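Novice: The following block contains the structure, expressed as structure tokens.
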Amino acid sequence: MKWLIKIKKLLGLEKFTPYISSYFEKSNAVSGLYLSSVVVILELWMIASTAFYQMTSEYKRSTIWLWNHVSCYVLLLIAGIAMMVYSYRYVKNKKPNRYIGKGINIAFSVISILFGMYISYLDYAKGEQFITLFTMVLFIFCFLCWRPIYSILFLTVSFLTFYFICNRAASATYATQVNLSIIYIAIIMSAANNFHQKYREAKKDERLEEVNDVLLKLSISDEITGISNMSYFISQTLSELHEKELDVTQKLFLFLDIEHFKNYNEKYGFMAGNEYLKHIADVIQRTFSDSMVAHFSNDNFVVFTQDKNVQNKLEVIRSEIRKCDCGLTMDLKTGAYRPKDRDCLPIVACDHARYACNSIKKHFDKNYCEYSEDMNKDFYRKQYIINTIDKALEEKYIKVFYQPLVNSATGSLSGLEALARWDDPTYGFLMPQMFINTLEEYHQIHKLDMYVLNKVCQDIVEEKERGGHVFPVSLNFSRLDFEVMDLASEVEKTLQRYGVEKKYIHVEITESALTENDGKLQKALETFRKSGYALWLDDFGSGYSGLNVLKEYEFDVMKIDMKFLQNFDGNEKSRTILRNIVTLAKDIGMLTLTEGVETEEAHIFLREIGCEKLQGYLFGRPMPKEELFQKIDSGEYVPDSTVIS
């Protein structure tokens, strides 16, 4: 049946796509505009010339002749004007009714052909050529584009009718028959060629349009969710912010975070997770249908919207997330930022909204927070820390302080803990928790931890060269250090570079860093242990999985969190818990060190229950190396003979 398909294609019987139909309509509108303009000009000229000649006695025509001809001119003129008006409106994207347009197109074509037949018939009756019909046929079938089947039918009917009429008036000669046949074939071939050429152009343009649509969609859409990506979101919101009639103070940037989505991915896999994100993206898009919505990253979305009914809309989304039948507790946290002026940068606004959202991550009773002035100060301080960390290390704004660790039985100095202190020329003294948490949040903590390790090694070498006392130093490494580098290998290289023995470096890691089943971290700690480093478990009791950590990991020293000593004097439970923790540690072969010792009463109690090491303000605050060794040299601190060299 391939031949049938080819015939259908040749005759133009294929079904047009909307794009191709529109392409032909536009092509005919453009051609119709030029064609109708020519026809209107010609008919006006014919009417004017007829009137002019009628005024001279030599060329005067009869009333019947005038009526017949002028009526034809006027009829064609009206059809031409109608065609011109419609074509002009279409070209100018006025979107006129397409069915009316088709009617005008057909009427104009029929009137033109009838006009050509009538005038040519009159010429033929006088023994002249049928030029007018030939001209009108060329106009209609070579300028306008018809399906070949329509051209064949229309031309066949027209030429047969014309031949029949002419033959009745005067028998057509063989030459006339040949001429009509040649013109007929030539016009059909030209019309078919015109159609197929236009059809190929339309198909080519349609494919280009489809490719452009795909490329455009890829450039503005998020691959996972199908909604806008951040590049498009930023460009669109930036344009909207600069609209003169917009009241920016009534707009909000929202940052939406799906809580516990990571657990969903772990339980059902990333494919299911992506489907869920797409579902939630659709819900957000529908809920904020009059706003700009985009996928920010991971399980986060951003919205630029009016500040009306925001809470109600967020509750709709939250309800959809909460009803997830997945055996997990899912929820929605939202941060908001209200732009102050038109110069607000969307990416900065989104960061502010995200900052507000993150500020309530651990507050179970809060689901919405708007960025405040206090947050603004905190935000820029964090940005300063991230932007300045490299310079701070290079310029030594960050210094290493040492806090004494003492033997609980003798009170002698048995070791040190290295702690970072940042004395900044702009912000002054920055609280350790402020810059440490910030560096961890932005995955820059490894820079600080490796700096402290290098400085400790330098201090050990300098003290050895001075002939002073050298103590083992404990350093706290972040969980993120194990993710961004091979920490065991880097520590080993550093110690070899300075010639420092492993016994002087104790590796600390907090209990909270061990709450997840992380094979990479466990393997790294095993490498440390096999290489001869002492491993310390820091802040034991601050988290929720301390006993499980003791089961899964091997540590030499347990550092008991200082929280157990809060309200120590009047809290008997603290004593009982501490006593049992120390006993447990001994039973599994670990030494204990308690942090935050500030009173002599606590010191005595911890010594009596067998806690081997103590640390706290009772024995000394963190201090510079020079101050520490001055106190050692003066005898204020007595070195423990079992650990010094």
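By order in the structure tokens, chains are A, B, ...; within a chain, residues start at 1; ligands start at 1, following the order shown.
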Just the residues within 8 Å of segment 109-124 of chain A, please, counting only C-alpha atoms, with nothing from its chain fewer than 6 positions along; format it as a tab-separated table (two decimals) with all heavy atoms, in the first residue's frame.
Specialist:
chain	number	residue	atom	x	y	z
A	72	CYS	N	-18.31	44.08	-12.52
A	72	CYS	CA	-17.24	43.09	-12.30
A	72	CYS	C	-16.05	43.71	-11.57
A	72	CYS	O	-15.49	43.11	-10.63
A	72	CYS	CB	-16.78	42.52	-13.64
A	72	CYS	SG	-18.01	41.45	-14.43
A	75	LEU	N	-17.04	44.35	-7.92
A	75	LEU	CA	-17.14	43.11	-7.16
A	75	LEU	C	-15.75	42.58	-6.80
A	75	LEU	O	-15.49	42.18	-5.65
A	75	LEU	CB	-17.91	42.07	-7.98
A	75	LEU	CG	-18.16	40.72	-7.28
A	75	LEU	CD1	-18.99	40.92	-6.01
A	75	LEU	CD2	-18.86	39.76	-8.23
A	76	LEU	N	-14.85	42.59	-7.79
A	76	LEU	CA	-13.49	42.11	-7.53
A	76	LEU	C	-12.76	43.06	-6.58
A	76	LEU	O	-11.96	42.62	-5.74
A	76	LEU	CB	-12.73	41.98	-8.86
A	76	LEU	CG	-11.33	41.35	-8.77
A	76	LEU	CD1	-11.39	39.97	-8.11
A	76	LEU	CD2	-10.69	41.25	-10.16
A	79	ALA	N	-13.90	42.23	-3.07
A	79	ALA	CA	-13.26	40.98	-2.63
A	79	ALA	C	-11.79	41.21	-2.29
A	79	ALA	O	-11.26	40.68	-1.31
A	79	ALA	CB	-13.40	39.92	-3.72
A	130	PHE	N	-7.47	34.76	-24.18
A	130	PHE	CA	-8.08	34.77	-22.84
A	130	PHE	C	-7.00	35.04	-21.78
A	130	PHE	O	-6.73	34.23	-20.90
A	130	PHE	CB	-8.79	33.44	-22.55
A	130	PHE	CG	-8.15	32.24	-23.19
A	130	PHE	CD1	-7.09	31.58	-22.58
A	130	PHE	CD2	-8.62	31.79	-24.43
A	130	PHE	CE1	-6.53	30.47	-23.19
A	130	PHE	CE2	-8.05	30.68	-25.02
A	130	PHE	CZ	-6.99	30.01	-24.41
A	131	ILE	N	-6.37	36.21	-21.89
A	131	ILE	CA	-5.27	36.60	-21.00
A	131	ILE	C	-5.75	36.81	-19.57
A	131	ILE	O	-5.07	36.46	-18.60
A	131	ILE	CB	-4.60	37.89	-21.52
A	131	ILE	CG1	-4.00	37.66	-22.92
A	131	ILE	CG2	-3.52	38.35	-20.55
A	131	ILE	CD1	-2.94	36.58	-22.95
A	132	THR	N	-6.95	37.39	-19.43
A	132	THR	CA	-7.43	37.72	-18.08
A	132	THR	C	-7.60	36.46	-17.23
A	132	THR	O	-7.21	36.42	-16.06
A	132	THR	CB	-8.76	38.48	-18.15
A	132	THR	OG1	-8.61	39.64	-18.97
A	132	THR	CG2	-9.21	38.90	-16.76
A	133	LEU	N	-8.19	35.41	-17.84
A	133	LEU	CA	-8.35	34.16	-17.09
A	133	LEU	C	-6.99	33.58	-16.71
A	133	LEU	O	-6.79	33.13	-15.57
A	133	LEU	CB	-9.12	33.14	-17.93
A	133	LEU	CG	-9.27	31.75	-17.29
A	133	LEU	CD1	-10.02	31.83	-15.98
A	133	LEU	CD2	-9.97	30.79	-18.25
A	134	PHE	N	-6.07	33.59	-17.64
A	134	PHE	CA	-4.73	33.08	-17.38
A	134	PHE	C	-4.08	33.85	-16.22
A	134	PHE	O	-3.47	33.26	-15.32
A	134	PHE	CB	-3.90	33.19	-18.66
A	134	PHE	CG	-2.47	32.74	-18.50
A	134	PHE	CD1	-2.18	31.47	-18.02
A	134	PHE	CD2	-1.42	33.57	-18.84
A	134	PHE	CE1	-0.87	31.06	-17.89
A	134	PHE	CE2	-0.12	33.16	-18.70
A	134	PHE	CZ	0.17	31.90	-18.23
A	135	THR	N	-4.24	35.18	-16.23
A	135	THR	CA	-3.65	36.01	-15.18
A	135	THR	C	-4.26	35.70	-13.82
A	135	THR	O	-3.56	35.54	-12.81
A	135	THR	CB	-3.85	37.50	-15.50
A	135	THR	OG1	-3.26	37.78	-16.77
A	135	THR	CG2	-3.24	38.38	-14.44
A	136	MET	N	-5.60	35.60	-13.77
A	136	MET	CA	-6.27	35.37	-12.49
A	136	MET	C	-5.94	33.97	-11.94
A	136	MET	O	-5.78	33.78	-10.73
A	136	MET	CB	-7.79	35.52	-12.63
A	136	MET	CG	-8.23	36.90	-13.11
A	136	MET	SD	-7.47	38.30	-12.23
A	136	MET	CE	-8.10	38.08	-10.59
A	137	VAL	N	-5.83	32.99	-12.84
A	137	VAL	CA	-5.46	31.63	-12.41
A	137	VAL	C	-4.05	31.62	-11.82
A	137	VAL	O	-3.79	30.97	-10.80
A	137	VAL	CB	-5.57	30.64	-13.60
A	137	VAL	CG1	-4.89	29.33	-13.26
A	137	VAL	CG2	-7.02	30.39	-13.94
A	140	ILE	N	-4.23	33.16	-8.32
A	140	ILE	CA	-4.88	32.34	-7.29
A	140	ILE	C	-4.10	31.08	-6.95
A	140	ILE	O	-3.95	30.72	-5.79
A	140	ILE	CB	-6.32	31.99	-7.72
A	140	ILE	CG1	-7.16	33.26	-7.92
A	140	ILE	CG2	-6.98	31.08	-6.69
A	140	ILE	CD1	-7.17	34.19	-6.71
A	158	SER	N	-13.09	24.89	-13.51
A	158	SER	CA	-13.01	26.23	-14.12
A	158	SER	C	-12.71	26.16	-15.61
A	158	SER	O	-13.37	26.82	-16.43
A	158	SER	CB	-11.92	27.05	-13.40
A	158	SER	OG	-12.23	27.20	-12.04
A	162	PHE	N	-15.18	27.06	-18.66
A	162	PHE	CA	-14.78	28.10	-19.60
A	162	PHE	C	-14.77	27.57	-21.04
A	162	PHE	O	-15.26	28.22	-21.98
A	162	PHE	CB	-13.39	28.63	-19.22
A	162	PHE	CG	-12.88	29.69	-20.14
A	162	PHE	CD1	-13.44	30.96	-20.14
A	162	PHE	CD2	-11.84	29.42	-21.03
A	162	PHE	CE1	-12.97	31.94	-21.00
A	162	PHE	CE2	-11.38	30.40	-21.89
A	162	PHE	CZ	-11.94	31.66	-21.87
A	165	ILE	N	-18.39	27.07	-22.30
A	165	ILE	CA	-19.03	28.36	-22.63
A	165	ILE	C	-18.47	28.92	-23.94
A	165	ILE	O	-19.23	29.38	-24.82
A	165	ILE	CB	-18.84	29.36	-21.48
A	165	ILE	CG1	-19.60	28.90	-20.24
A	165	ILE	CG2	-19.32	30.75	-21.89
A	165	ILE	CD1	-19.31	29.73	-19.00
A	166	CYS	N	-17.15	28.91	-24.05
A	166	CYS	CA	-16.51	29.46	-25.24
A	166	CYS	C	-16.86	28.65	-26.49
A	166	CYS	O	-17.08	29.19	-27.58
A	166	CYS	CB	-14.99	29.50	-25.06
A	166	CYS	SG	-14.45	30.72	-23.85
Novice: Quick one: everything within 12 Å of Thr599 of chain A, counting only C-alpha atoms, minus sequence neighbours fewer than 4 positions away in the same chain. Send it as a list in words.
Specialist: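 So, after excluding close chain neighbours, the residues are Leu565, Gln566, Asn567, Phe568, Asp569, Glu595, His603, Ile604, Phe605, Leu606, Leu614, Gln615, Gly616, Tyr617, Leu618, Phe619 and Gly620 of chain A.
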Novice: Find the residues around segment 176-178 of chain A up to 12 Å (only C-alpha atoms counted), leave out those fewer than 4 positions away in its own chain, and share them as a ChimeraX atom specification.
Specialist: /A:124,127-130,159-160,162-164,166-167,170-172,182-185
Novice: Please run DSSP on the backbone and report, as a VMD selection string, all residues within segment 47-289 of chain A that come out as helix (DSSP H, G or I).
Specialist: chain A and resid 47 to 54 57 to 59 63 to 91 98 to 125 131 to 143 148 to 169 174 to 220 230 to 241 248 to 250 261 to 268 270 to 287
Novice: Between A:Ile78, A:Asp299, A:Ala392, A:Pro404, which residue has the minimum interatomic distance to Val39 of chain A, considering only C-alpha atoms?
Specialist: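 Selected residue with least distance to Val39 of chain A: A:Ile78.
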Novice: Quick one, how far is atom CA of Ala186 of chain A from atom CA of Thr173 of chain A?
Specialist: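 Between atom CA of Ala186 of chain A and atom CA of Thr173 of chain A the gap works out to 20.0 Å.
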Novice: Can I get the residues of segment 207-264 of chain A within 12 Å of segment 352-355 of chain A, each with the closest pair of atoms and their distance in Å to one decimal, using only C-alpha atoms, sorted chain first then ascending number, as a Markdown table?
Specialist:
| residue | atom | partner | partner_atom | distance |
| --- | --- | --- | --- | --- |
| A:Leu252 | CA | A:Ala353 | CA | 9.1 |
| A:Phe253 | CA | A:Ala353 | CA | 6.5 |
| A:Leu254 | CA | A:Ala353 | CA | 6.0 |
| A:Phe255 | CA | A:Ala353 | CA | 5.3 |
| A:Leu256 | CA | A:Arg354 | CA | 8.0 |
| A:Asp257 | CA | A:Arg354 | CA | 8.6 |
Novice: Please produce a file of those selected residues containing N, CA, C and O atoms, as a compact mmCIF listing (two decimals), in the first residue's frame.
Specialist:
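Result file out-v9.txt:
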# COMPACT_ATOMS: atom_id res chain seq x y z
N LEU A 252 7.10 38.39 48.77
CA LEU A 252 7.89 37.52 49.63
C LEU A 252 8.67 36.50 48.79
O LEU A 252 8.15 35.98 47.80
N PHE A 253 9.90 36.26 49.20
CA PHE A 253 10.64 35.11 48.70
C PHE A 253 10.49 34.01 49.75
O PHE A 253 10.78 34.22 50.93
N LEU A 254 10.03 32.84 49.33
CA LEU A 254 9.85 31.72 50.24
C LEU A 254 10.84 30.61 49.91
O LEU A 254 11.10 30.33 48.73
N PHE A 255 11.39 30.01 50.95
CA PHE A 255 12.28 28.85 50.79
C PHE A 255 11.62 27.68 51.50
O PHE A 255 11.40 27.71 52.71
N LEU A 256 11.25 26.65 50.74
CA LEU A 256 10.53 25.50 51.27
C LEU A 256 11.46 24.30 51.39
O LEU A 256 12.17 23.96 50.43
N ASP A 257 11.45 23.68 52.54
CA ASP A 257 12.30 22.52 52.80
C ASP A 257 11.44 21.34 53.26
O ASP A 257 10.69 21.47 54.24
Novice: At a cut-off of 10 Å, using only C-alpha atoms, what residues contact Arg342 of chain A? Leave out same-chain residues fewer than 4 positions from it and give the result as a tab-separated table (two decimals) with N, CA and C atoms, in the first residue's frame.
Specialist:
chain	number	residue	atom	x	y	z
A	238	LEU	N	13.87	38.92	38.76
A	238	LEU	CA	14.63	40.16	38.61
A	238	LEU	C	13.86	41.15	37.74
A	239	SER	N	13.27	40.64	36.66
A	239	SER	CA	12.46	41.50	35.78
A	239	SER	C	11.24	42.02	36.51
A	240	GLU	N	10.59	41.15	37.27
A	240	GLU	CA	9.38	41.55	37.98
A	240	GLU	C	9.68	42.60	39.05
A	241	LEU	N	10.82	42.46	39.72
A	241	LEU	CA	11.20	43.42	40.76
A	241	LEU	C	11.38	44.82	40.19
A	242	HIS	N	11.72	44.91	38.92
A	242	HIS	CA	11.97	46.21	38.31
A	242	HIS	C	10.75	46.80	37.60
A	243	GLU	N	9.61	46.13	37.72
A	243	GLU	CA	8.39	46.71	37.18
A	243	GLU	C	7.95	47.89	38.05
A	244	LYS	N	7.68	49.02	37.42
A	244	LYS	CA	7.42	50.26	38.16
A	244	LYS	C	6.18	50.18	39.05
A	246	LEU	N	5.03	47.67	40.64
A	246	LEU	CA	5.13	46.64	41.69
A	246	LEU	C	5.48	47.25	43.03
A	247	ASP	N	4.72	46.88	44.07
A	247	ASP	CA	5.06	47.27	45.44
A	247	ASP	C	5.88	46.11	46.04
A	248	VAL	N	7.20	46.27	46.06
A	248	VAL	CA	8.08	45.16	46.47
A	248	VAL	C	7.88	44.77	47.93
A	249	THR	N	7.41	45.71	48.74
A	249	THR	CA	7.22	45.40	50.17
A	249	THR	C	6.07	44.43	50.40
Novice: Would you compute the distance between atom CA of Gly635 of chain A and atom CA of Glu600 of chain A? Give it in Å to one decimal.
Specialist: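 Here the two named atoms are 20.3 Å from each other.
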Novice: Excluding Lys267 of chain A and any residue of its chain fewer than 4 positions from it, enumerate the residues within 10 Å of it, using only C-alpha atoms, and give them as a ChimeraX atom specification.
Specialist: /A:261-263,272-273,326-328
Novice: Hey, can you spit out that residue selection with N, CA and C atoms as a short mmCIF file (atom, residue, chain, number, x, y, z; two decimals), in the first residue's frame?
Specialist:
data_model
loop_
_atom_site.label_atom_id
_atom_site.label_comp_id
_atom_site.auth_asym_id
_atom_site.auth_seq_id
_atom_site.Cartn_x
_atom_site.Cartn_y
_atom_site.Cartn_z
N PHE A 261 13.25 14.15 53.99
CA PHE A 261 13.18 13.59 52.64
C PHE A 261 14.34 12.62 52.40
N LYS A 262 15.46 12.87 53.06
CA LYS A 262 16.61 11.97 52.92
C LYS A 262 16.23 10.55 53.33
N ASN A 263 15.43 10.45 54.39
CA ASN A 263 14.98 9.12 54.84
C ASN A 263 14.09 8.45 53.80
N ALA A 272 12.14 6.70 43.14
CA ALA A 272 10.89 7.01 43.83
C ALA A 272 10.97 8.39 44.47
N GLY A 273 12.15 8.74 44.98
CA GLY A 273 12.33 10.07 45.57
C GLY A 273 12.11 11.17 44.57
N CYS A 326 4.08 6.61 53.80
CA CYS A 326 5.38 5.98 53.55
C CYS A 326 6.05 5.49 54.82
N GLY A 327 5.34 5.56 55.95
CA GLY A 327 5.92 5.10 57.20
C GLY A 327 6.96 6.05 57.75
N LEU A 328 6.99 7.27 57.25
CA LEU A 328 7.95 8.27 57.72
C LEU A 328 7.21 9.53 58.14
#
Novice: What residues in segment 166-347 of chain A get the DSSP label strand (DSSP E)? Please answer as a PyMOL selection string.
Specialist: chain A and resi 251-259+292-297+300-306+331-337
Novice: Okay, now the selection with N, CA, C and O atoms, as a compact mmCIF listing (two decimals), in the first residue's frame?
Specialist:
# COMPACT_ATOMS: atom_id res chain seq x y z
N LYS A 251 5.74 41.73 48.55
CA LYS A 251 6.19 40.47 47.95
C LYS A 251 7.05 39.70 48.95
O LYS A 251 7.67 40.28 49.84
N LEU A 252 7.10 38.39 48.77
CA LEU A 252 7.89 37.52 49.63
C LEU A 252 8.67 36.50 48.79
O LEU A 252 8.15 35.98 47.80
N PHE A 253 9.90 36.26 49.20
CA PHE A 253 10.64 35.11 48.70
C PHE A 253 10.49 34.01 49.75
O PHE A 253 10.78 34.22 50.93
N LEU A 254 10.03 32.84 49.33
CA LEU A 254 9.85 31.72 50.24
C LEU A 254 10.84 30.61 49.91
O LEU A 254 11.10 30.33 48.73
N PHE A 255 11.39 30.01 50.95
CA PHE A 255 12.28 28.85 50.79
C PHE A 255 11.62 27.68 51.50
O PHE A 255 11.40 27.71 52.71
N LEU A 256 11.25 26.65 50.74
CA LEU A 256 10.53 25.50 51.27
C LEU A 256 11.46 24.30 51.39
O LEU A 256 12.17 23.96 50.43
N ASP A 257 11.45 23.68 52.54
CA ASP A 257 12.30 22.52 52.80
C ASP A 257 11.44 21.34 53.26
O ASP A 257 10.69 21.47 54.24
N ILE A 258 11.54 20.21 52.56
CA ILE A 258 10.80 19.01 52.95
C ILE A 258 11.63 18.26 53.99
O ILE A 258 12.71 17.75 53.67
N GLU A 259 11.13 18.21 55.20
CA GLU A 259 11.88 17.56 56.28
C GLU A 259 11.88 16.05 56.14
O GLU A 259 10.85 15.45 55.79
N MET A 292 5.80 32.84 40.90
CA MET A 292 6.97 32.20 40.29
C MET A 292 7.49 31.13 41.23
O MET A 292 7.81 31.41 42.39
N VAL A 293 7.57 29.89 40.74
CA VAL A 293 7.99 28.75 41.55
C VAL A 293 9.17 28.06 40.87
O VAL A 293 9.21 27.96 39.64
N ALA A 294 10.15 27.59 41.65
CA ALA A 294 11.31 26.89 41.07
C ALA A 294 11.83 25.84 42.04
O ALA A 294 11.60 25.92 43.25
N HIS A 295 12.53 24.87 41.48
CA HIS A 295 13.23 23.86 42.28
C HIS A 295 14.60 24.41 42.60
O HIS A 295 15.41 24.66 41.71
N PHE A 296 14.87 24.60 43.89
CA PHE A 296 16.15 25.20 44.31
C PHE A 296 17.27 24.16 44.25
O PHE A 296 18.26 24.33 43.55
N SER A 297 17.11 23.07 44.99
CA SER A 297 18.06 21.96 44.98
C SER A 297 17.54 20.88 45.91
O SER A 297 16.78 21.16 46.85
N ASN A 300 14.42 21.13 48.20
CA ASN A 300 14.12 22.53 48.48
C ASN A 300 13.51 23.22 47.26
O ASN A 300 13.93 22.97 46.12
N PHE A 301 12.53 24.09 47.52
CA PHE A 301 11.87 24.87 46.48
C PHE A 301 11.83 26.34 46.89
O PHE A 301 11.91 26.65 48.08
N VAL A 302 11.73 27.22 45.90
CA VAL A 302 11.60 28.65 46.18
C VAL A 302 10.37 29.19 45.46
O VAL A 302 9.99 28.71 44.39
N VAL A 303 9.77 30.22 46.08
CA VAL A 303 8.57 30.84 45.52
C VAL A 303 8.70 32.35 45.68
O VAL A 303 9.16 32.84 46.72
N PHE A 304 8.33 33.08 44.64
CA PHE A 304 8.25 34.54 44.71
C PHE A 304 6.78 34.90 44.57
O PHE A 304 6.17 34.67 43.53
N THR A 305 6.17 35.45 45.63
CA THR A 305 4.72 35.58 45.66
C THR A 305 4.27 36.81 46.42
O THR A 305 5.07 37.45 47.13
N GLN A 306 2.99 37.14 46.28
CA GLN A 306 2.37 38.16 47.12
C GLN A 306 2.27 37.64 48.55
O GLN A 306 2.17 36.43 48.77
N ASP A 331 7.44 16.55 56.86
CA ASP A 331 6.85 17.85 57.19
C ASP A 331 7.49 18.92 56.32
O ASP A 331 8.37 18.63 55.50
N LEU A 332 7.03 20.15 56.50
CA LEU A 332 7.50 21.27 55.69
C LEU A 332 7.96 22.41 56.58
O LEU A 332 7.24 22.82 57.49
N LYS A 333 9.16 22.89 56.35
CA LYS A 333 9.67 24.09 56.99
C LYS A 333 9.81 25.17 55.93
O LYS A 333 10.25 24.90 54.80
N THR A 334 9.45 26.40 56.29
CA THR A 334 9.50 27.50 55.32
C THR A 334 10.17 28.73 55.92
O THR A 334 9.83 29.15 57.03
N GLY A 335 11.11 29.27 55.18
CA GLY A 335 11.72 30.55 55.53
C GLY A 335 11.27 31.60 54.54
O GLY A 335 11.01 31.30 53.37
N ALA A 336 11.14 32.84 54.98
CA ALA A 336 10.65 33.92 54.11
C ALA A 336 11.56 35.14 54.20
O ALA A 336 12.16 35.41 55.25
N TYR A 337 11.66 35.83 53.09
CA TYR A 337 12.42 37.09 53.05
C TYR A 337 11.60 38.13 52.30
O TYR A 337 11.12 37.88 51.20
Novice: Kindly assemble as a tab-separated table a list of the segment 472-504 of chain A residues that lie within 10 Å of segment 409-426 of chain A, each paired with its nearest atom pair and their distance in Å to one decimal, using only C-alpha atoms, sorted first by chain and then by ascending residue number.
Specialist:
residue	atom	partner	partner_atom	distance
A:Pro472	CA	A:Gly415	CA	5.2
A:Val473	CA	A:Leu416	CA	4.8
A:Ser474	CA	A:Glu417	CA	4.8
A:Leu475	CA	A:Ala418	CA	5.7
A:Asn476	CA	A:Ala418	CA	8.0
A:Tyr504	CA	A:Gly415	CA	9.1
